[in-house]
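I have placed the structure first, in the form of structure tokens, so that the comments after it can refer back to it.
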Amino acid sequence: MTNLRIPGPIPVPEDILETMSTQMINHRGPKFKDILYRATDGLKKVFMTDNDVFILASSGTGAMEAAVTNTLSPGERVLCASIGSFGDRFGSIAEIFGAQVTKLNFEQGTAVDIDTLRRALDSDPDITSVLVTHNETNTGVTNDLEAIAKVVKTEFNKLLLVDGISSVCSIPLKTDEWGLDVVATASQKGWMLPPGLAFISMSERAWHASQSSKMPKLYFDLTKYKEYYDIGQPPWTPNLSAIFALDFALGKLLEEGIEEVWRRHSSIARMTREGIVNIGLSVFPDEQIASNTVTAVRSPAGVDADNLRSVVLKNHDVVLAGAYGELKGKMFRIGHLGYVTPEEINEMLVAIEEALQEVC
């Protein structure tokens with residue numbers, strides 16, 4: 001069986017896969033209403049919020065688009081604090097819909113510098129909102145979102161939109177306690193689910209912003225989701241099979257306890273990083289900011305990372321992820337989010353060590 005070690009899609013446990021085979025139901029009937037309300041209540045517990053949370057039939061990028069189009073207007077000044085490819089994507093979405101985006105880019109492999117963020121906001125009082133990615137999977141870096149929120153919310157009173165696609169459910173994120181206005185995430189990450197669903201939360205301040213938002217929207221118009229949620233329905237045809245799986249997976253996650261889920265991800269991440277160092281490789285970012293959902297690994301000098309990944313796949317049936325942009329060929333990435341066993345990590349580490357002997 002293939003050992004899929006990429007940062008999404010992730011291997012889905014068998015009992016969750018079986019739940020997806022449940023026969024279809026009327027998505028405008030009472031049975032779906034029960035599932036929708038139960039699953040949404042579960043999502044709120046994981047998001048740690050009393051805010052509205054909605055289930056979208058889309059990828060995480062759809063939820064990022066929804067975050068932008070439901071709160072911003074063309075011409076609005078927005079700051080995008082980016083530490084990699086997915087932070088850049090957030091800013092690009094806002095630009096495409098007409099926002100005036102100031103891109104605050106940090107060196108890849110580093111986190112958002114709080115003092116630099118503070119200076120950027122101080123230098124442009126017309127900025128209304130800040131976009132940030134909590135966990136950048138291209139570089140294996142987790143931002144200090146709590147510290148970012150303190151600056152954005154407490155010091156400058158701006159709207160804060162968060163890409164939590166690879167962090168919610170796997171890395172500590174406390175929506176209400178930290179004052180996060182919009183948080184977007186997706187099913188194919190730590191939720192133990194296949195791709196096809198995205199989840200998004202909206203604070204009262206986000207709803208206030210939505211009242212004046214002039215960006216075009218239809219499928220991702222969250223006012224429609226709120227209107228239909230009140231009668232226990234989705235505005236559009238949902239991904240029923242994935243929602244059956246979500247309902248079941250949430251039961252497992254909440255039974256385990258979200259803080260225990262965080263600890264489990266932390267333990268597996270630490271095991272992965274230590275294993276990488278023990279076979280003579282180095283982790284791309286500093287340990288203090290290293291992600292607990294994906295480990296970015298520097299390829300040894302003279303070794304093309306993509307060639308190494310090919311050997312690992314061909315000879316050991318272990319799938320590793322490549323890097324994007326300027327890091328392509330210089331680094332590979334290991335996904336360890338969702339339900340991952342120590343045995344799977346050990347198997348992967350052995351595969352990498354043996355492949356290194358072949359390519360070096």
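Lettering and numbering for the structure tokens are positional, with chains as A, B, ... in the shown order, residues counted from 1 in each chain, and ligands counted from 1 in the shown order.
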So that I can see what lies close to Gly302 of chain A, please list as a list in words the residues with an atom at most 10 Å from it, counting only C-alpha atoms and leaving out residues fewer than 2 positions away in the same chain.
Ser299, Pro300, Asp304, Ala305, Lys330, Val359 and Cys360 of chain A
Run DSSP on the backbone and tell me which residues of segment 179-277 of chain A come out as alpha helix (DSSP H); list them as a VMD selection string.
chain A and resid 204 to 212 222 to 229 240 to 256 258 to 277
How would the residues just chosen look if you wrote them out with C-alpha atoms as a tab-separated table (two decimals), in the first residue's frame?
chain	number	residue	atom	x	y	z
A	204	GLU	CA	-19.64	39.77	13.91
A	205	ARG	CA	-17.13	42.27	12.58
A	206	ALA	CA	-16.77	40.24	9.39
A	207	TRP	CA	-20.54	40.30	8.95
A	208	HIS	CA	-20.49	44.06	9.48
A	209	ALA	CA	-17.86	44.34	6.73
A	210	SER	CA	-19.96	42.13	4.46
A	211	GLN	CA	-22.80	44.68	4.58
A	212	SER	CA	-20.66	47.18	2.67
A	222	LEU	CA	-22.12	33.74	2.59
A	223	THR	CA	-25.31	35.71	3.22
A	224	LYS	CA	-27.02	32.96	1.20
A	225	TYR	CA	-25.39	30.28	3.35
A	226	LYS	CA	-26.58	32.04	6.50
A	227	GLU	CA	-30.10	32.47	5.13
A	228	TYR	CA	-30.39	28.79	4.18
A	229	TYR	CA	-28.65	27.52	7.31
A	240	LEU	CA	-23.29	14.74	0.42
A	241	SER	CA	-20.77	11.90	0.57
A	242	ALA	CA	-18.10	14.16	1.99
A	243	ILE	CA	-20.55	15.64	4.51
A	244	PHE	CA	-21.46	12.14	5.72
A	245	ALA	CA	-17.73	11.57	6.24
A	246	LEU	CA	-17.31	14.95	7.95
A	247	ASP	CA	-20.09	14.18	10.40
A	248	PHE	CA	-18.47	10.84	11.29
A	249	ALA	CA	-14.90	12.22	11.43
A	250	LEU	CA	-15.93	15.08	13.71
A	251	GLY	CA	-17.32	12.54	16.16
A	252	LYS	CA	-13.92	10.82	16.25
A	253	LEU	CA	-12.00	14.08	16.61
A	254	LEU	CA	-14.18	15.45	19.38
A	255	GLU	CA	-14.09	12.15	21.22
A	256	GLU	CA	-10.29	12.29	21.11
A	258	ILE	CA	-9.03	18.78	20.01
A	259	GLU	CA	-6.11	19.53	22.32
A	260	GLU	CA	-5.11	15.87	22.16
A	261	VAL	CA	-5.31	16.06	18.36
A	262	TRP	CA	-2.91	19.01	18.51
A	263	ARG	CA	-0.56	17.03	20.76
A	264	ARG	CA	-0.70	14.04	18.41
A	265	HIS	CA	0.33	16.22	15.46
A	266	SER	CA	3.11	17.79	17.50
A	267	SER	CA	4.47	14.39	18.51
A	268	ILE	CA	4.48	13.01	14.95
A	269	ALA	CA	6.07	16.22	13.64
A	270	ARG	CA	8.84	16.05	16.24
A	271	MET	CA	9.47	12.40	15.38
A	272	THR	CA	9.70	13.32	11.69
A	273	ARG	CA	12.11	16.19	12.20
A	274	GLU	CA	14.34	14.18	14.52
A	275	GLY	CA	14.36	11.31	12.04
A	276	ILE	CA	15.35	13.62	9.20
A	277	VAL	CA	18.26	15.00	11.22
At a cut-off of 9 Å, can you tabulate as a tab-separated table every residue of segment 138-224 of chain A near segment 12-20 of chain A together with its closest atom pair and the distance in Å to one decimal, using only C-alpha atoms and ordering rows by chain then number?
residue	atom	partner	partner_atom	distance
A:Gln188	CA	A:Val12	CA	8.9
A:Met192	CA	A:Val12	CA	5.4
A:Leu193	CA	A:Val12	CA	5.7
A:Pro194	CA	A:Val12	CA	6.6
Write out, as JSON lines, each residue of segment 309-356 of chain A that has an atom at most 9 Å from segment 279-297 of chain A, together with the closest pair of atoms and their distance in Å to one decimal, counting only C-alpha atoms, rows going by chain and rising number.
{"residue": "A:Ala323", "atom": "CA", "partner": "A:Ala296", "partner_atom": "CA", "distance": 8.5}
{"residue": "A:Lys330", "atom": "CA", "partner": "A:Val297", "partner_atom": "CA", "distance": 8.7}
{"residue": "A:Met331", "atom": "CA", "partner": "A:Val297", "partner_atom": "CA", "distance": 5.5}
{"residue": "A:Phe332", "atom": "CA", "partner": "A:Val297", "partner_atom": "CA", "distance": 5.4}
{"residue": "A:Arg333", "atom": "CA", "partner": "A:Ala296", "partner_atom": "CA", "distance": 4.4}
{"residue": "A:Ile334", "atom": "CA", "partner": "A:Thr295", "partner_atom": "CA", "distance": 5.1}
{"residue": "A:Gly335", "atom": "CA", "partner": "A:Val294", "partner_atom": "CA", "distance": 4.4}
{"residue": "A:His336", "atom": "CA", "partner": "A:Thr293", "partner_atom": "CA", "distance": 5.2}
{"residue": "A:Leu337", "atom": "CA", "partner": "A:Thr293", "partner_atom": "CA", "distance": 4.8}
{"residue": "A:Gly338", "atom": "CA", "partner": "A:Thr293", "partner_atom": "CA", "distance": 8.4}
{"residue": "A:Leu349", "atom": "CA", "partner": "A:Ile279", "partner_atom": "CA", "distance": 8.0}
{"residue": "A:Val350", "atom": "CA", "partner": "A:Ile279", "partner_atom": "CA", "distance": 8.9}
{"residue": "A:Ile352", "atom": "CA", "partner": "A:Ile279", "partner_atom": "CA", "distance": 8.5}
{"residue": "A:Glu353", "atom": "CA", "partner": "A:Ile279", "partner_atom": "CA", "distance": 6.3}
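Taking atom CA of Leu104 of chain A as the reference point, atom CA of Asn143 of chain A is found at 14.0 Å.
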Calculate how many Å separate atom CA of Ala39 of chain A from atom CA of Tyr219 of chain A, rounding to one decimal.
20.9 Å
From atom CA of Gly8 of chain A to atom CA of Gly325 of chain A the spacing works out at 18.5 Å
Could you name the residues that touch Ile200 of chain A at 8 Å or less, counting only C-alpha atoms, but leaving out those on the same chain fewer than 4 positions away, as an MDAnalysis selection string?
chainID A and resid 53:56 63 67 182:185
Check the DSSP output for the backbone and give back, as an MDAnalysis selection string, the residues of segment 93-309 of chain A in strand (DSSP E or B).
chainID A and resid 100:105 129:133 135:136 141:142 159:163 182:186 198:202 282:283 290 294:298
Take the residues that were just selected and, keeping C-alpha atoms, output them as a PDB file, in the first residue's frame.
ATOM      1  CA  GLN A 100      -5.402  47.514  -3.608  1.00  0.00           C
ATOM      2  CA  VAL A 101      -3.032  45.004  -2.050  1.00  0.00           C
ATOM      3  CA  THR A 102       0.206  45.919  -0.333  1.00  0.00           C
ATOM      4  CA  LYS A 103       2.349  42.797  -0.309  1.00  0.00           C
ATOM      5  CA  LEU A 104       4.530  42.420   2.742  1.00  0.00           C
ATOM      6  CA  ASN A 105       6.794  39.545   1.736  1.00  0.00           C
ATOM      7  CA  SER A 129      -7.740  44.494   6.459  1.00  0.00           C
ATOM      8  CA  VAL A 130      -4.877  42.035   6.777  1.00  0.00           C
ATOM      9  CA  LEU A 131      -4.529  38.684   5.000  1.00  0.00           C
ATOM     10  CA  VAL A 132      -2.261  36.024   6.472  1.00  0.00           C
ATOM     11  CA  THR A 133      -1.596  32.316   6.094  1.00  0.00           C
ATOM     12  CA  ASN A 135       0.709  27.586   8.218  1.00  0.00           C
ATOM     13  CA  GLU A 136       2.695  27.835   4.964  1.00  0.00           C
ATOM     14  CA  VAL A 141       6.600  27.307   8.572  1.00  0.00           C
ATOM     15  CA  THR A 142       3.888  28.156  11.101  1.00  0.00           C
ATOM     16  CA  LEU A 159     -10.092  43.117   9.950  1.00  0.00           C
ATOM     17  CA  LEU A 160      -8.051  39.886  10.034  1.00  0.00           C
ATOM     18  CA  LEU A 161      -8.627  37.209   7.386  1.00  0.00           C
ATOM     19  CA  VAL A 162      -6.815  33.925   7.994  1.00  0.00           C
ATOM     20  CA  ASP A 163      -5.901  31.101   5.648  1.00  0.00           C
ATOM     21  CA  VAL A 182     -12.522  35.084   9.072  1.00  0.00           C
ATOM     22  CA  VAL A 183     -10.859  31.660   9.124  1.00  0.00           C
ATOM     23  CA  ALA A 184     -10.806  29.386   6.077  1.00  0.00           C
ATOM     24  CA  THR A 185      -9.808  25.730   5.993  1.00  0.00           C
ATOM     25  CA  ALA A 186     -10.367  22.581   3.923  1.00  0.00           C
ATOM     26  CA  ALA A 198     -14.090  23.823   2.778  1.00  0.00           C
ATOM     27  CA  PHE A 199     -15.099  25.439   6.050  1.00  0.00           C
ATOM     28  CA  ILE A 200     -15.207  29.133   6.882  1.00  0.00           C
ATOM     29  CA  SER A 201     -16.019  31.147  10.005  1.00  0.00           C
ATOM     30  CA  MET A 202     -17.336  34.715  10.124  1.00  0.00           C
ATOM     31  CA  SER A 282      18.341  19.291   7.649  1.00  0.00           C
ATOM     32  CA  VAL A 283      14.915  20.826   8.106  1.00  0.00           C
ATOM     33  CA  ALA A 290       8.661  24.514  12.048  1.00  0.00           C
ATOM     34  CA  VAL A 294       4.414  19.409   7.063  1.00  0.00           C
ATOM     35  CA  THR A 295       8.185  19.151   7.278  1.00  0.00           C
ATOM     36  CA  ALA A 296      10.246  20.891   4.593  1.00  0.00           C
ATOM     37  CA  VAL A 297      13.619  19.205   4.070  1.00  0.00           C
ATOM     38  CA  ARG A 298      16.704  20.601   2.339  1.00  0.00           C
TER      39      ARG A 298
END
Close residues, Cys169 of chain A itself excluded, 7 Å, only C-alpha atoms, min 3 positions apart in chain, as a ChimeraX atom specification:
/A:46,190-191,258
Since we have the selection now, will you write its residues out, keeping N, CA and C atoms, as a PDB file, in the first residue's frame?
ATOM      1  N   VAL A  46     -14.167  22.732  16.987  1.00  0.00           N
ATOM      2  CA  VAL A  46     -12.790  22.635  16.505  1.00  0.00           C
ATOM      3  C   VAL A  46     -12.211  24.023  16.227  1.00  0.00           C
ATOM      4  N   GLY A 190      -6.010  18.109   8.057  1.00  0.00           N
ATOM      5  CA  GLY A 190      -6.005  17.346   9.297  1.00  0.00           C
ATOM      6  C   GLY A 190      -7.312  16.698   9.675  1.00  0.00           C
ATOM      7  N   TRP A 191      -8.341  16.915   8.882  1.00  0.00           N
ATOM      8  CA  TRP A 191      -9.683  16.431   9.227  1.00  0.00           C
ATOM      9  C   TRP A 191      -9.879  14.945   8.945  1.00  0.00           C
ATOM     10  N   ILE A 258      -9.808  18.007  20.964  1.00  0.00           N
ATOM     11  CA  ILE A 258      -9.029  18.780  20.007  1.00  0.00           C
ATOM     12  C   ILE A 258      -7.625  19.067  20.510  1.00  0.00           C
TER      13      ILE A 258
END
